[in-house]
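Just below is one structure, and these are the notes that go with it.
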Amino acid sequence: MKDGFAARKRKEKIFKYACLALTFSSVLILVVLLYHIGQTGNKYLSLKFLTSWPSRFPHKAGIKAGIWGTIWLISLTAAISIPLGVLSALFLEEYKIPGKIGKIVEINVANLAGVPSIVYGLLGLTVFVRYFGLDRSLLSGALTLSLLILPVIIVSSREAIKAVPDAIRFGAYALGASRYQVVFWHVLPIALPGILTGVILALSRAIGETAPLIIVGALTYISYTPESVMDEFTVLPLQIYNWASRPQEEFHYLAAGGIIVLLTVMLSMNFIAVVIRQKTSKKVKI
Amino acid sequence: MRKGVKQIEYTVRGALGLCALLTLVTTIGIIFVLSSETIPFFREVPITDFLFGTKWAPLLEPKSFGVLPLVTGTTLIMVGSAIIALPVGITTAVYLSEYSSEKMRSIIKPVLEVLAGIPTIVYGYFALTFITPILKILIPRTEIFNAASGAIVVGIMVLPMVASLCDDAFQSVPKALKEGGYALGATSFEVIGQVIVPYSASRILAAFILALSRAIGETMAVTLAAGANARFSFDPLQSVQTMTAYIVQVSMGDTPQGGIEYQTCFAVGSLLFLITLAMNVAGQTILFRYRRGK
Amino acid sequence: MTNEAVMTCRNLNIFYGEKQAVFDVDLDILKNKVTAIIGPSGCGKSTLLRSLNRMNDFVPTFSMNGVINFEGKNVLKEDPMVVRTRIGMVFQKPNPFPKSIYNNITWGPKIHGHKVNFDELVENSLKAAALWDEVKDRLHDSALDLSGGQQQRLCIARTVAMKPEVILMDEPCSALDPRSTIRIEDLINDLREDYSIAIVTHNMQQAARVSDYTAFFYEGELIEYGVTDGIFTNPQEKKTEDYITGRFG
C-alpha cells in the first residue's frame, strides 16, 4: 500500500513536469523563431530598406511599395469591415432574430470564420475582380479581406456587447427609451473598448494575409505607391513571399528584413489591444 | 415626436438587419462562385476521374485530373501537424488549467496569442530557412521542399487553438467534480486522466476537429515549405503539393480565365471547402450543443 | 461509552491572504460520534471543515497554522493525498462522477490499488449508504440518472468504500428535498456505528436531530462546544443562546 502510493506520487511528478516541459516548448519555439528572424533579417534592415523599391539586386531592394500598399489596403479594409461587423454584431446581439433563422445566422457566422482564406480569394476573384470589374485593384483586395475578417469582428464584438450588464439596458428602458436609443447611447459606448480590442486583432490578422491577395491578383513587382483605390498594388507579406521563394540566400535575408517590419507592426497592434483589454476589464461591473 | 422615434427605430432595425444578412450572402456567394466554375469542369472531366485519379497534371500535356495526389499532400500536412499540435496543445491546456500559477498563466497565455497571430508567411519562411536545414542534417535524404517541414510549422500554428479550446473545456469542468476526486485521495494526474478529461472528451474532440480543419486550409506556409510537386505518396521527406498550394501556383501564373486550368482551381477549392465545412460543422455542433446544455 | 477523540485540533488559525477566517480553535472529533458544526453563514465553519482533510489546499491564498492530530500525526504536515484516504468528505451538492454507479464506488479503491472483491465492495458500500435496494438492478447505469438524494447517498457510498476513519460532511442536505434529507439523516445515524462524523449544517433542527456533540462558531471563533442536548437546552454563552433562539443568523 505504501509502495503503491510512492509509485503514484512518482507518476504524478513525471506527468506534471512533462506538462510543464511541453507547455514551455511554445515559449522556446517563439524565442527561437524571433531570434532566427532577427539574426537573418538585420543584414538589410535600414532606412534605405524601408524607402526603396523592389529590385533584382538585393542590396538595392526595399519594401516601400509593400509598406504603402499595406497601409492603403488595411485602411480601406478597416473602413469597410468595422462598420459592417459592429452593426451586424449589434443586430445579432440586441435585436436577436427569433427562431430558426436566428440559429442559422449564428451557425453560419461560426462556420464562415473557419472557411480557409484561400476560398475567400476565389470568391473575391470571381465577384469583385471579374463580375464587378474592379480588376486587380486595392478595392478588390480590401473587399475580399473585409469579407474574410467580418466573422472575426462579429464574433468578438458580440462577446463585448454580451458583457454589457443588463441593468444598464433596463435602466434606460425604464426611462422610456426606444431600443435604438438604448443600443447606440448606452450599450455601444460601454462595449466599445472590447469591440476595439477585437477589431485591432482582426486587422492585425488581415495585415499578415497573403493567400487571398495572391488569388485576387495583387502583384509582387511594383515600383510606385498607390494613388487611388483603383490602383494595382502589392503588400508587405506578398513581397516577403516573393523573396522567400527565390533560391538565392541574399533574398532570404531581404525576406527576413520584411518579416521584422511586419512583425513589429503586428506585435505593436496586439500589444495595444491587450493594453485596452486590461485597462477596461476592471471598469463597468455592476 | 413619439412617431419620429418609431420611424427611426424601424430604419435602424432594417439597416442593422441588412448588415447581419451580409454574412448569409457571403456563404451563398461562396457556394455559388465555387459551383459556377466546378459544374462546367465536371462536364469535361468525369467526377470519378477527379476524385479517384492518382495523377494530377492539369498544366502539362497529357493533362490528367486525378486529385488524390493533392489530397495525400494535404493529408500528410494534416497528420504531421496533428502529431505536434494535439499532444502539446492538450498538455499545455492541462498545465494551464490544473497546475499553473496565475503568474505562469499570464506568461504562457500571451505567448500562445502571439504564436497564433504570427502570419502564416512568417512560418513558411521559418520552415524553409530553419526547420528544413535541421531536418537535412538529421536525415540527409530530405528534399529542400518537404512535407515534414511544412507540417511542423502548421502544427505550431494550430497549437494555440487546441490549447485554448481545451483550456476552455477544462475550466468548465465543475469544481465539485474535481473535489470529489481529490477527496478520495486521488493525485492530480488521476483526477485529470480519469475525471477531467473524460468529462470534457467531446469538447476536446471538437477542438481537435476544428484545429485540423484549420491545418487543411493552411496555405502560405505549406506553399513555401512543402513545394509544388503533386505526388501520390506518403513520404514526408519529399516535396508534395497541397490543395491550397495548387490554387496559389495557378494564380501566380498567367492562366487565362475560362480555361480548364482555371476551372481546376475552383474544383479543388470546392473540395477544400466541402472538407473544411464538414469538419467545422461537426466541431461547432459539438460546442453548440454543449453551450446550450449548460 | 468512551469519549475517545480521533481528531484533535489545537490552536488552529486559518487565513485567506491577509484576512484571518478562523481564530485559535481547539476542537475534538470524537470516535463513533456525530459532531455538528453550526453557526451563521460566513462564520468559518465550512472553511474549518475543509481544512481537516486539506481540501483548502486548492485555494491559492489559503494558509493555516496550528495542529490537527490524527492517528498520531499532524494533518498539516502529512501528504494531503494520504490524509484524504483516511478522512473522507461528502459535499454540499451531490457530485457523482459521470460514470456508472458501479464505477463511482470502485474508482477510489482502484486508484489506490486496493486488492478487494469489487462486487462485494460495491454491494456493501451501497448497503451501508442505504441505496442498495434502489439500484441493485442497474449498477451499470450512469450515476447521473439517479435523483439528487440518491446521488448524495451514492457519494456517501463512494466515501464509505474507502473505509475512512472520519467522514466530513459539508451541508450534505442543503441541495435536497425534505424526504431525501430525512433519509440522509437516518443514514448518518447508522453510519455512526462504524465511522466518526463531522457535519457542517446551518439547519439547527438537523444538528439537534443527528448530532451527539455540537460546536457553535461565530465570526471565526469557536464560541461553545459540548453535548448537543446541553447546547440546545442550556447554552452557556449569550451568543449561542441568541443564535439558537433565532435572534440572528
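In the C-alpha cells, each chain is lettered A, B, ... as it comes, each chain's residues begin at 1, and ligands are numbered from 1 in order of appearance.
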
Per DSSP on the backbone, what are the alpha helix (DSSP H) residues of stretch 37-265 of chain A, as a PyMOL selection string?
-> chain A and resi 37-41+47-51+64-94+99-112+117-124+138-162+166-173+179-182+188-208+211-215+236-244+249-265

For the interface of chain B with chain C (cut-off 6 Å, counting only C-alpha atoms), please tabulate each contacting residue of chain B alongside its nearest pair of atoms and their separation in Å to one decimal, rows sorted by chain and increasing number, as a Markdown table.
```
| residue | atom | partner | partner_atom | distance |
| --- | --- | --- | --- | --- |
| B:Ala176 | CA | C:Asn95 | CA | 5.9 |
| B:Leu177 | CA | C:Asn95 | CA | 5.4 |
| B:Ala183 | CA | C:Arg84 | CA | 5.6 |
| B:Leu184 | CA | C:Thr85 | CA | 5.6 |
| B:Gly185 | CA | C:Met81 | CA | 4.4 |
```

Written file, previous selection with N, CA and C atoms, as a compact mmCIF listing (two decimals), in the first residue's frame:
```txt
# COMPACT_ATOMS: atom_id res chain seq x y z
N ALA B 176 -16.93 21.01 -8.18
CA ALA B 176 -17.38 19.96 -7.25
C ALA B 176 -16.90 18.58 -7.69
N LEU B 177 -16.86 18.39 -9.01
CA LEU B 177 -16.47 17.08 -9.54
C LEU B 177 -14.99 16.80 -9.27
N ALA B 183 -11.07 14.38 -2.88
CA ALA B 183 -11.50 13.97 -1.54
C ALA B 183 -11.32 12.47 -1.34
N LEU B 184 -11.20 11.72 -2.43
CA LEU B 184 -10.94 10.28 -2.29
C LEU B 184 -9.44 10.00 -2.27
N GLY B 185 -8.64 11.05 -2.19
CA GLY B 185 -7.20 10.86 -2.10
C GLY B 185 -6.52 10.66 -3.44
```

For chain B, list the residues within 6 Å of chain A, counting only C-alpha atoms, and write the list as a list in words.
->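 Every residue meeting the condition is included here: Glu9, Leu16, Cys19, Ala20, Ile30, Val88, Thr91, Thr92, Tyr95, Pro119, Phe189, Gly217 and Ser251 of chain B.
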
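Note that atom CA of C:Leu222 and atom CA of C:Thr61 are 22.7 Å apart.
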
Would you kindly return, as a count of residues only, each protein, DNA or RNA residue with an atom no farther than 8 Å from any atom of B:Glu218, considering only C-alpha atoms and excluding same-chain residues fewer than 2 positions away?
-> 10
